[in-house]
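> Dropping a structure here in structure tokens format, bear with me for questions.
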Amino acid sequence: MSTTSPKHALFEQLALVARSLGNPHRLDLLEHLAQGERSVEALAERTGLSMANASQHLQQLRRAGLVANRRETRFIHYRLSDEGVVGLVSALRDVAERNLAEIDRILRGYFAERDNLEPITRGELIERARDGLLTVLDVRPADEFALGHLPGAVNVPLAELAAHLAEFDPSREVVAYCRGAYCVLSFEAVAALRARGLRARRLEEGYPEWRAAGLPVAMGHEAM
């Protein structure tokens with residue numbers, strides 16, 4: 001007869017999930033997968049990992065039930081297993097921000113230096129966008145934007161933003177967003193917009209958190 005209690009057996013499975021999150025590359029992969037389904041090749045390119053390393057990390061995440069995959073000819077595509085994964089990573093971030101001094105130091109350094117205004121919340125964005133007071137700017141790459149984005153958002157990838165700054169209406173505040181709360185693209189975009197004299201803030205989180213909250217999303221492409 002097994003001496004392992006059902007509770008301990010369950011905790012072992014929870015520990016499997018926790019261990020799968022204990023690597024920064026896997027958290028990076030999850031952030032990219034939160035934008036939409038991706039092949040191993042695309043994920044390796046976006047995260048700067050080798051194909052072999054990306055595949056190994058993805059297999060660990062799959063064993064923990066955080067991602068699922070499918071094969072299409074010779075390519076393997078991965079996706080998040082469900083929206084709860086976004087919530088899990090958000091909860092991890094919230095606890096760490098409240099309790100780890102090193103995270104506070106990093107946030108007050110790189111991030112605070114580029115964004116000294118409070119970010120706009122989802123609720124504020126919905127209310128102000130309804131009144132037509134905002135330009136919602138998605139600065140992710142075009143392929144991520146096409147997979148899903150906030151309704152009414154225009155897509156100008158950060159690398160192309162400098163060429164489009166003159167096209168923004170100075171009478172409208174710009175709210176920029178990207179992949180998530182720590183995605184540097186929106187921070188850099190806000191800094192560039194403010195340097196041009198435009199009123200700009202960033203969305204408190206990113207597209208995955210918006211979608212996970214059950215809010216409407218759009219698909220396709222709408223560039224500036």
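Residue names in the structure tokens use chain letters A, B, ... in the order shown, residue numbers from 1 in each chain, and ligand numbers from 1 in the order shown.
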When you look at stretch 147-156 of chain A with a cut-off of 7 Å (counting only C-alpha atoms), what residues show up, excluding the ones that are within fewer than 5 positions of it in the same chain? I need them as a PDB file with all heavy atoms, in the first residue's frame.


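Result saved to part_3.pdb:
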```
ATOM      1  N   GLY A  36      -0.072  34.501 -29.151  1.00  0.00           N
ATOM      2  CA  GLY A  36      -0.718  33.604 -30.100  1.00  0.00           C
ATOM      3  C   GLY A  36       0.168  32.410 -30.394  1.00  0.00           C
ATOM      4  O   GLY A  36       1.309  32.330 -29.939  1.00  0.00           O
ATOM      5  N   VAL A 136      -5.001  54.536 -29.494  1.00  0.00           N
ATOM      6  CA  VAL A 136      -4.456  53.325 -28.892  1.00  0.00           C
ATOM      7  C   VAL A 136      -3.409  52.756 -29.837  1.00  0.00           C
ATOM      8  O   VAL A 136      -3.711  52.441 -30.998  1.00  0.00           O
ATOM      9  CB  VAL A 136      -5.560  52.294 -28.605  1.00  0.00           C
ATOM     10  CG1 VAL A 136      -4.964  51.060 -27.937  1.00  0.00           C
ATOM     11  CG2 VAL A 136      -6.645  52.907 -27.724  1.00  0.00           C
ATOM     12  N   LEU A 137      -2.191  52.627 -29.343  1.00  0.00           N
ATOM     13  CA  LEU A 137      -1.047  52.267 -30.179  1.00  0.00           C
ATOM     14  C   LEU A 137      -0.476  50.924 -29.758  1.00  0.00           C
ATOM     15  O   LEU A 137      -0.048  50.746 -28.615  1.00  0.00           O
ATOM     16  CB  LEU A 137       0.031  53.355 -30.070  1.00  0.00           C
ATOM     17  CG  LEU A 137       1.361  53.089 -30.780  1.00  0.00           C
ATOM     18  CD1 LEU A 137       1.167  53.018 -32.286  1.00  0.00           C
ATOM     19  CD2 LEU A 137       2.375  54.180 -30.423  1.00  0.00           C
ATOM     20  N   ASP A 138      -0.457  49.991 -30.685  1.00  0.00           N
ATOM     21  CA  ASP A 138       0.145  48.668 -30.467  1.00  0.00           C
ATOM     22  C   ASP A 138       1.521  48.676 -31.116  1.00  0.00           C
ATOM     23  O   ASP A 138       1.648  48.867 -32.326  1.00  0.00           O
ATOM     24  CB  ASP A 138      -0.743  47.599 -31.113  1.00  0.00           C
ATOM     25  CG  ASP A 138      -0.304  46.177 -30.806  1.00  0.00           C
ATOM     26  OD1 ASP A 138       0.908  45.893 -30.915  1.00  0.00           O
ATOM     27  OD2 ASP A 138      -1.167  45.338 -30.498  1.00  0.00           O
ATOM     28  N   VAL A 139       2.575  48.482 -30.308  1.00  0.00           N
ATOM     29  CA  VAL A 139       3.940  48.574 -30.844  1.00  0.00           C
ATOM     30  C   VAL A 139       4.600  47.206 -30.995  1.00  0.00           C
ATOM     31  O   VAL A 139       5.813  47.110 -31.148  1.00  0.00           O
ATOM     32  CB  VAL A 139       4.812  49.503 -29.968  1.00  0.00           C
ATOM     33  CG1 VAL A 139       4.337  50.934 -30.077  1.00  0.00           C
ATOM     34  CG2 VAL A 139       4.825  49.062 -28.504  1.00  0.00           C
ATOM     35  N   ALA A 142       4.178  43.271 -36.529  1.00  0.00           N
ATOM     36  CA  ALA A 142       2.924  43.192 -37.274  1.00  0.00           C
ATOM     37  C   ALA A 142       2.286  41.813 -37.206  1.00  0.00           C
ATOM     38  O   ALA A 142       1.051  41.694 -37.171  1.00  0.00           O
ATOM     39  CB  ALA A 142       3.169  43.584 -38.732  1.00  0.00           C
ATOM     40  N   LEU A 161       8.531  53.413 -35.406  1.00  0.00           N
ATOM     41  CA  LEU A 161       7.803  54.515 -34.783  1.00  0.00           C
ATOM     42  C   LEU A 161       8.370  55.880 -35.160  1.00  0.00           C
ATOM     43  O   LEU A 161       7.610  56.823 -35.427  1.00  0.00           O
ATOM     44  CB  LEU A 161       7.820  54.348 -33.260  1.00  0.00           C
ATOM     45  CG  LEU A 161       7.037  55.387 -32.452  1.00  0.00           C
ATOM     46  CD1 LEU A 161       5.561  55.397 -32.853  1.00  0.00           C
ATOM     47  CD2 LEU A 161       7.172  55.110 -30.956  1.00  0.00           C
ATOM     48  N   TYR A 207      -1.473  43.070 -24.144  1.00  0.00           N
ATOM     49  CA  TYR A 207      -2.541  42.390 -24.866  1.00  0.00           C
ATOM     50  C   TYR A 207      -2.981  41.084 -24.195  1.00  0.00           C
ATOM     51  O   TYR A 207      -4.194  40.831 -24.087  1.00  0.00           O
ATOM     52  CB  TYR A 207      -2.111  42.139 -26.312  1.00  0.00           C
ATOM     53  CG  TYR A 207      -3.037  41.192 -27.033  1.00  0.00           C
ATOM     54  CD1 TYR A 207      -4.328  41.581 -27.385  1.00  0.00           C
ATOM     55  CD2 TYR A 207      -2.633  39.886 -27.322  1.00  0.00           C
ATOM     56  CE1 TYR A 207      -5.194  40.702 -28.020  1.00  0.00           C
ATOM     57  CE2 TYR A 207      -3.491  39.008 -27.950  1.00  0.00           C
ATOM     58  CZ  TYR A 207      -4.775  39.418 -28.299  1.00  0.00           C
ATOM     59  OH  TYR A 207      -5.628  38.530 -28.919  1.00  0.00           O
ATOM     60  N   PRO A 216     -13.090  42.425 -25.361  1.00  0.00           N
ATOM     61  CA  PRO A 216     -13.121  42.204 -26.799  1.00  0.00           C
ATOM     62  C   PRO A 216     -11.741  42.366 -27.434  1.00  0.00           C
ATOM     63  O   PRO A 216     -10.943  43.211 -27.015  1.00  0.00           O
ATOM     64  CB  PRO A 216     -14.080  43.298 -27.306  1.00  0.00           C
ATOM     65  CG  PRO A 216     -14.861  43.724 -26.117  1.00  0.00           C
ATOM     66  CD  PRO A 216     -13.958  43.547 -24.938  1.00  0.00           C
ATOM     67  N   VAL A 217     -11.480  41.563 -28.441  1.00  0.00           N
ATOM     68  CA  VAL A 217     -10.256  41.678 -29.221  1.00  0.00           C
ATOM     69  C   VAL A 217     -10.614  41.698 -30.699  1.00  0.00           C
ATOM     70  O   VAL A 217     -11.687  41.256 -31.097  1.00  0.00           O
ATOM     71  CB  VAL A 217      -9.264  40.528 -28.928  1.00  0.00           C
ATOM     72  CG1 VAL A 217      -8.844  40.529 -27.468  1.00  0.00           C
ATOM     73  CG2 VAL A 217      -9.857  39.181 -29.312  1.00  0.00           C
ATOM     74  N   ALA A 218      -9.707  42.231 -31.489  1.00  0.00           N
ATOM     75  CA  ALA A 218      -9.884  42.267 -32.942  1.00  0.00           C
ATOM     76  C   ALA A 218      -8.714  41.512 -33.579  1.00  0.00           C
ATOM     77  O   ALA A 218      -7.681  41.303 -32.966  1.00  0.00           O
ATOM     78  CB  ALA A 218      -9.924  43.711 -33.441  1.00  0.00           C
ATOM     79  N   MET A 219      -8.895  41.129 -34.818  1.00  0.00           N
ATOM     80  CA  MET A 219      -7.857  40.438 -35.560  1.00  0.00           C
ATOM     81  C   MET A 219      -7.650  41.119 -36.895  1.00  0.00           C
ATOM     82  O   MET A 219      -8.444  41.966 -37.307  1.00  0.00           O
ATOM     83  CB  MET A 219      -8.229  38.958 -35.753  1.00  0.00           C
ATOM     84  CG  MET A 219      -8.466  38.216 -34.452  1.00  0.00           C
ATOM     85  SD  MET A 219      -8.881  36.468 -34.661  1.00  0.00           S
ATOM     86  CE  MET A 219      -7.276  35.821 -35.138  1.00  0.00           C
ATOM     87  N   GLY A 220      -6.554  40.763 -37.571  1.00  0.00           N
ATOM     88  CA  GLY A 220      -6.249  41.409 -38.834  1.00  0.00           C
ATOM     89  C   GLY A 220      -5.238  42.514 -38.624  1.00  0.00           C
ATOM     90  O   GLY A 220      -4.580  42.593 -37.575  1.00  0.00           O
ATOM     91  N   GLU A 222      -4.193  46.768 -39.036  1.00  0.00           N
ATOM     92  CA  GLU A 222      -4.542  48.165 -39.279  1.00  0.00           C
ATOM     93  C   GLU A 222      -3.326  49.005 -38.914  1.00  0.00           C
ATOM     94  O   GLU A 222      -3.087  49.316 -37.758  1.00  0.00           O
ATOM     95  CB  GLU A 222      -5.743  48.610 -38.456  1.00  0.00           C
ATOM     96  CG  GLU A 222      -6.163  50.042 -38.753  1.00  0.00           C
ATOM     97  CD  GLU A 222      -7.373  50.488 -37.945  1.00  0.00           C
ATOM     98  OE1 GLU A 222      -7.992  49.637 -37.304  1.00  0.00           O
ATOM     99  OE2 GLU A 222      -7.667  51.696 -37.963  1.00  0.00           O
ATOM    100  N   ALA A 223      -2.527  49.344 -39.903  1.00  0.00           N
ATOM    101  CA  ALA A 223      -1.328  50.141 -39.670  1.00  0.00           C
ATOM    102  C   ALA A 223      -1.649  51.622 -39.788  1.00  0.00           C
ATOM    103  O   ALA A 223      -2.642  52.024 -40.373  1.00  0.00           O
ATOM    104  CB  ALA A 223      -0.244  49.761 -40.677  1.00  0.00           C
ATOM    105  N   MET A 224      -0.764  52.449 -39.220  1.00  0.00           N
ATOM    106  CA  MET A 224      -0.953  53.902 -39.305  1.00  0.00           C
ATOM    107  C   MET A 224      -0.561  54.371 -40.694  1.00  0.00           C
ATOM    108  O   MET A 224       0.376  53.862 -41.284  1.00  0.00           O
ATOM    109  CB  MET A 224      -0.111  54.595 -38.253  1.00  0.00           C
ATOM    110  CG  MET A 224      -0.170  56.109 -38.324  1.00  0.00           C
ATOM    111  SD  MET A 224       0.491  56.888 -36.841  1.00  0.00           S
ATOM    112  CE  MET A 224      -0.907  56.762 -35.741  1.00  0.00           C
TER     113      MET A 224
END
```

> If you run DSSP over the backbone, which residues in stretch 7-219 of chain A end up strand (DSSP E or B)? Put them as a VMD selection string.

chain A and resid 38 to 39 67 to 72 75 to 80 120 134 to 138 149 154 to 155 173 to 177 200 to 203 218

> Which value, in Å to one decimal, gives the distance between atom CA of A:Glu83 and atom CA of A:Ala212?

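Rounded to one decimal, the two atoms are 5.5 Å apart.
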
> Env of A:Pro141: 8 Å cut, atoms = only C-alpha atoms, seq-sep filter 4 positions within chain, self excluded. Answer as a VMD selection string.

chain A and resid 145 156 to 158
